[in-house]
$ cat protein-v6.txt   # compact mmCIF, C-alpha atoms
# COMPACT_ATOMS: atom_id res chain seq x y z
CA MET D 72 55.11 115.09 -80.96
CA ASN D 73 54.10 116.41 -77.58
CA LYS D 74 56.31 116.63 -74.48
CA LYS D 75 54.96 113.40 -72.92
CA GLU D 76 55.67 111.39 -76.10
CA LYS D 77 59.23 112.79 -76.22
CA VAL D 78 59.84 111.70 -72.61
CA ASN D 79 58.45 108.19 -73.27
CA PHE D 80 60.59 107.78 -76.39
CA ARG D 81 63.69 108.94 -74.50
CA LYS D 82 62.99 106.45 -71.67
CA LEU D 83 62.43 103.67 -74.20
CA PHE D 84 65.64 104.52 -76.05
CA ILE D 85 67.82 104.86 -72.94
CA GLY D 86 66.25 101.97 -71.05
CA VAL D 87 65.84 99.36 -73.80
CA LEU D 88 67.21 100.21 -77.22
CA LEU D 89 70.60 101.63 -76.20
CA PRO D 90 71.55 98.66 -73.97
CA LEU D 91 70.36 96.29 -76.71
CA ILE D 92 72.53 98.03 -79.32
CA ILE D 93 75.55 97.94 -76.99
CA LEU D 94 74.98 94.23 -76.27
CA ILE D 95 74.83 93.42 -79.99
CA ILE D 96 78.07 95.32 -80.65
CA VAL D 97 79.85 93.55 -77.77
CA LEU D 98 78.66 90.15 -78.99
CA ILE D 99 79.84 90.83 -82.53
CA PHE D 100 83.33 91.77 -81.29
CA ALA D 101 83.47 88.83 -78.88
CA LEU D 102 82.55 86.31 -81.55
CA ASN D 103 85.05 87.73 -84.03
CA PHE D 104 87.94 87.62 -81.54
CA LYS D 105 87.29 83.96 -80.68
CA LYS D 106 87.58 82.84 -84.28
CA LYS D 107 90.98 81.51 -85.24
CA PRO D 108 92.09 82.26 -88.75
CA GLN D 109 91.60 79.32 -91.07
CA LEU D 110 94.41 78.97 -93.52
CA LEU D 111 93.57 77.24 -96.74
CA ILE D 112 95.76 74.32 -97.64
CA ASN D 113 97.24 74.73 -101.09
CA ASN D 114 96.68 71.56 -103.16
CA ASN D 115 100.28 71.62 -104.42
CA THR D 116 101.58 71.79 -100.86
CA LEU D 117 99.25 68.99 -99.79
CA GLN D 118 100.46 66.83 -102.70
CA LEU D 119 104.07 67.52 -101.74
CA THR D 120 103.58 66.63 -98.07
CA THR D 121 101.68 63.48 -98.98
CA CYS D 122 104.45 62.44 -101.36
CA LEU D 123 107.14 63.12 -98.73
CA LYS D 124 105.23 61.06 -96.18
CA ASN D 125 104.50 58.19 -98.57
CA ASN D 126 108.18 58.07 -99.58
CA ASN D 127 109.39 57.95 -95.97
CA TRP D 128 111.03 61.36 -95.79
CA ILE D 129 111.56 62.47 -92.19
CA MET D 130 112.10 65.94 -90.84
CA TYR D 131 114.08 66.16 -87.61
CA GLY D 132 113.81 69.36 -85.63
CA ALA D 133 113.13 70.96 -82.27
CA ASN D 134 110.37 73.23 -81.06
CA SER D 135 112.96 75.68 -79.73
CA CYS D 136 114.69 75.90 -83.13
CA PRO D 137 113.67 79.03 -85.09
CA TYR D 138 114.82 77.50 -88.38
CA CYS D 139 112.62 74.47 -87.73
CA GLN D 140 109.66 76.77 -87.12
CA GLN D 141 110.49 78.55 -90.38
CA GLN D 142 110.58 75.22 -92.25
CA LYS D 143 107.29 74.09 -90.69
CA GLY D 144 105.70 77.43 -91.53
CA LEU D 145 106.38 76.96 -95.24
CA PHE D 146 103.93 74.04 -95.20
CA GLY D 147 101.18 75.81 -93.25
CA GLN D 148 98.45 73.44 -92.11
CA ALA D 149 99.70 70.76 -94.49
CA PHE D 150 102.64 70.17 -92.12
CA HIS D 151 100.52 67.61 -90.26
CA ASN D 152 101.31 65.20 -93.14
CA ILE D 153 105.06 65.39 -92.57
CA ASN D 154 106.87 62.60 -90.73
CA TYR D 155 108.33 64.86 -88.03
CA ILE D 156 110.55 63.92 -85.11
CA ASP D 157 111.07 66.48 -82.36
CA CYS D 158 114.59 65.84 -81.08
CA GLU D 159 113.87 67.58 -77.77
CA LEU D 160 111.30 64.87 -77.08
CA ASN D 161 113.16 62.00 -78.80
CA THR D 162 116.80 62.64 -77.90
CA GLU D 163 117.89 58.99 -78.01
CA LEU D 164 116.43 58.44 -81.49
CA CYS D 165 118.06 61.59 -82.80
CA GLU D 166 121.44 60.72 -81.27
CA LYS D 167 121.18 57.18 -82.67
CA ASN D 168 120.58 58.64 -86.16
CA GLY D 169 123.43 61.16 -85.82
CA ILE D 170 121.18 64.22 -85.70
CA SER D 171 122.83 67.11 -83.87
CA LYS D 172 121.74 70.14 -85.95
CA TYR D 173 118.27 71.11 -87.13
CA PRO D 174 116.30 71.10 -89.28
CA VAL D 175 117.35 67.94 -91.09
CA TRP D 176 115.51 66.08 -93.82
CA GLU D 177 116.40 62.39 -94.01
CA LYS D 178 115.65 59.65 -96.50
CA ASP D 179 117.29 56.21 -96.43
CA GLY D 180 120.13 57.46 -94.24
CA LYS D 181 120.98 60.44 -96.46
CA LYS D 182 120.67 63.78 -94.66
CA TYR D 183 119.85 67.25 -95.99
CA TYR D 184 120.59 70.03 -93.49
CA GLY D 185 118.89 73.41 -93.38
CA VAL D 186 115.68 75.11 -94.41
CA TYR D 187 114.51 74.26 -97.91
CA THR D 188 111.90 75.93 -100.05
CA LEU D 189 109.03 73.69 -101.04
CA LYS D 190 110.30 73.76 -104.61
CA ASP D 191 113.78 72.64 -103.51
CA LEU D 192 112.30 69.85 -101.39
CA ALA D 193 110.35 68.68 -104.40
CA VAL D 194 113.53 68.56 -106.49
CA ILE D 195 115.53 66.74 -103.81
CA SER D 196 112.77 64.24 -103.07
CA GLY D 197 111.52 63.71 -106.61
CA CYS D 198 108.03 64.75 -105.50
CA LYS D 199 105.81 66.96 -107.63
CA TYR D 200 105.35 70.63 -106.70
CA GLN D 201 104.42 73.57 -108.89

$ encode --input "protein-v6.txt" --output "structure tokens"
Amino acid sequence: MNKKEKVNFRKLFIGVLLPLIILIIVLIFALNFKKKPQLLINNNTLQLTTCLKNNNWIMYGANSCPYCQQQKGLFGQAFHNINYIDCELNTELCEKNGISKYPVWEKDGKKYYGVYTLKDLAVISGCKYQ
């Protein structure tokens, strides 16, 4: 390779290939940071939440309540099936139903206070969960 070919290759690399490589790397990182993690919904959890909803179980809570967030987190994305009432947004309804502490699970007027494991909720509700 003579001197002129070395100079042309260097110009090509610095002027075209290097910026292209940097652009590709930046795009790869940008696309990966925009992706939100997708949590898989466990079929057992989905069955449990569907059963709770179909049997009119209600969870009362508040967005500012760390225990409520803990309870919601146990369900993952399946929580969208739960009949949930946020008492910060529905104060009158919660007061009318005697809800003053959270989280509370309620069915036919009977209340269950505190955070429950999914297994315990299944036992209390009579829903299936393995």

$ closest_residue --input "protein-v6.txt" --among "D:Asp191, D:Glu163, D:Asp157, D:Asp179" --to "Tyr131 of chain D" --atoms "all atoms listed in the file"
D:Asp157

$ closest_residue --input "protein-v6.txt" --among "D:Cys165, D:Leu160, D:Leu94, D:Leu117" --to "Leu189 of chain D" --atoms "all atoms listed in the file"
D:Leu117

$ residues_around --input "protein-v6.txt" --residues "Ser135 of chain D" --least-positions-apart "4" --cutoff "10 Å" --atoms "only C-alpha atoms" --output "PyMOL selection string"
chain D and resi 139-140+157+159

$ residues_around --input "protein-v6.txt" --residues "Thr121 of chain D" --least-positions-apart "5" --cutoff "10 Å" --atoms "all atoms listed in the file" --output "PyMOL selection string"
chain D and resi 115-116+126-127+149-154+198

$ axis_aligned_box --input "protein-v6.txt" --around "segment 111-130 of chain D" --padding-each-side "4 Å" --output "JSON"
{"center_x": 102.8, "center_y": 67.6, "center_z": -97.6, "size_x": 26.5, "size_y": 27.3, "size_z": 21.6}

$ closest_residue --input "protein-v6.txt" --among "D:Pro137, D:Gly132, D:Pro174, D:Gly147" --to "Tyr187 of chain D" --atoms "all atoms listed in the file"
D:Pro174

$ closest_residue --input "protein-v6.txt" --among "D:Lys124, D:Lys199, D:Lys190, D:Lys143" --to "Lys178 of chain D" --atoms "only C-alpha atoms"
D:Lys124

$ residues_around --input "protein-v6.txt" --residues "Ala193 of chain D" --least-positions-apart "6" --cutoff "9 Å" --atoms "only C-alpha atoms" --output "PyMOL selection string"
chain D and resi 119+123+199-201

$ atom_distance --input "protein-v6.txt" --atom1 "atom CA of Asn134 of chain D" --atom2 "atom CA of Asn161 of chain D"
11.8 Å

$ build_atoms --input "protein-v6.txt" --residues "segment 158-173 of chain D" --atoms "N, CA, C and O atoms" --output "PDB file, in the coordinates of the input"
ATOM      1  N   CYS D 158     113.414  66.384 -81.763  1.00  0.00           N
ATOM      2  CA  CYS D 158     114.590  65.840 -81.080  1.00  0.00           C
ATOM      3  C   CYS D 158     114.666  66.239 -79.610  1.00  0.00           C
ATOM      4  O   CYS D 158     115.419  65.621 -78.852  1.00  0.00           O
ATOM      5  N   GLU D 159     113.918  67.254 -79.199  1.00  0.00           N
ATOM      6  CA  GLU D 159     113.870  67.580 -77.770  1.00  0.00           C
ATOM      7  C   GLU D 159     113.062  66.531 -77.015  1.00  0.00           C
ATOM      8  O   GLU D 159     113.307  66.298 -75.839  1.00  0.00           O
ATOM      9  N   LEU D 160     112.133  65.901 -77.700  1.00  0.00           N
ATOM     10  CA  LEU D 160     111.300  64.870 -77.080  1.00  0.00           C
ATOM     11  C   LEU D 160     111.805  63.461 -77.375  1.00  0.00           C
ATOM     12  O   LEU D 160     111.406  62.512 -76.701  1.00  0.00           O
ATOM     13  N   ASN D 161     112.649  63.317 -78.374  1.00  0.00           N
ATOM     14  CA  ASN D 161     113.160  62.000 -78.800  1.00  0.00           C
ATOM     15  C   ASN D 161     114.683  62.040 -78.911  1.00  0.00           C
ATOM     16  O   ASN D 161     115.241  61.711 -79.963  1.00  0.00           O
ATOM     17  N   THR D 162     115.354  62.429 -77.840  1.00  0.00           N
ATOM     18  CA  THR D 162     116.800  62.640 -77.900  1.00  0.00           C
ATOM     19  C   THR D 162     117.572  61.364 -78.271  1.00  0.00           C
ATOM     20  O   THR D 162     118.511  61.425 -79.058  1.00  0.00           O
ATOM     21  N   GLU D 163     117.171  60.234 -77.715  1.00  0.00           N
ATOM     22  CA  GLU D 163     117.890  58.990 -78.010  1.00  0.00           C
ATOM     23  C   GLU D 163     117.806  58.632 -79.488  1.00  0.00           C
ATOM     24  O   GLU D 163     118.798  58.241 -80.101  1.00  0.00           O
ATOM     25  N   LEU D 164     116.619  58.755 -80.068  1.00  0.00           N
ATOM     26  CA  LEU D 164     116.430  58.440 -81.490  1.00  0.00           C
ATOM     27  C   LEU D 164     117.272  59.368 -82.362  1.00  0.00           C
ATOM     28  O   LEU D 164     117.913  58.922 -83.318  1.00  0.00           O
ATOM     29  N   CYS D 165     117.288  60.629 -82.018  1.00  0.00           N
ATOM     30  CA  CYS D 165     118.060  61.590 -82.800  1.00  0.00           C
ATOM     31  C   CYS D 165     119.555  61.330 -82.670  1.00  0.00           C
ATOM     32  O   CYS D 165     120.287  61.370 -83.673  1.00  0.00           O
ATOM     33  N   GLU D 166     120.018  61.040 -81.473  1.00  0.00           N
ATOM     34  CA  GLU D 166     121.440  60.720 -81.270  1.00  0.00           C
ATOM     35  C   GLU D 166     121.810  59.454 -82.041  1.00  0.00           C
ATOM     36  O   GLU D 166     122.865  59.389 -82.675  1.00  0.00           O
ATOM     37  N   LYS D 167     120.953  58.450 -81.974  1.00  0.00           N
ATOM     38  CA  LYS D 167     121.180  57.180 -82.670  1.00  0.00           C
ATOM     39  C   LYS D 167     121.317  57.400 -84.183  1.00  0.00           C
ATOM     40  O   LYS D 167     122.128  56.741 -84.839  1.00  0.00           O
ATOM     41  N   ASN D 168     120.539  58.351 -84.723  1.00  0.00           N
ATOM     42  CA  ASN D 168     120.580  58.640 -86.160  1.00  0.00           C
ATOM     43  C   ASN D 168     121.570  59.739 -86.525  1.00  0.00           C
ATOM     44  O   ASN D 168     121.588  60.197 -87.664  1.00  0.00           O
ATOM     45  N   GLY D 169     122.376  60.173 -85.554  1.00  0.00           N
ATOM     46  CA  GLY D 169     123.430  61.160 -85.820  1.00  0.00           C
ATOM     47  C   GLY D 169     122.919  62.567 -86.064  1.00  0.00           C
ATOM     48  O   GLY D 169     123.572  63.352 -86.743  1.00  0.00           O
ATOM     49  N   ILE D 170     121.763  62.887 -85.508  1.00  0.00           N
ATOM     50  CA  ILE D 170     121.180  64.220 -85.700  1.00  0.00           C
ATOM     51  C   ILE D 170     121.630  65.117 -84.558  1.00  0.00           C
ATOM     52  O   ILE D 170     121.334  64.857 -83.398  1.00  0.00           O
ATOM     53  N   SER D 171     122.373  66.170 -84.897  1.00  0.00           N
ATOM     54  CA  SER D 171     122.830  67.110 -83.870  1.00  0.00           C
ATOM     55  C   SER D 171     122.490  68.560 -84.231  1.00  0.00           C
ATOM     56  O   SER D 171     122.592  69.444 -83.396  1.00  0.00           O
ATOM     57  N   LYS D 172     122.141  68.799 -85.493  1.00  0.00           N
ATOM     58  CA  LYS D 172     121.740  70.140 -85.950  1.00  0.00           C
ATOM     59  C   LYS D 172     120.358  70.014 -86.577  1.00  0.00           C
ATOM     60  O   LYS D 172     119.994  68.954 -87.080  1.00  0.00           O
ATOM     61  N   TYR D 173     119.635  71.131 -86.578  1.00  0.00           N
ATOM     62  CA  TYR D 173     118.270  71.110 -87.130  1.00  0.00           C
ATOM     63  C   TYR D 173     118.038  72.330 -88.005  1.00  0.00           C
ATOM     64  O   TYR D 173     118.681  73.346 -87.796  1.00  0.00           O
TER      65      TYR D 173
END
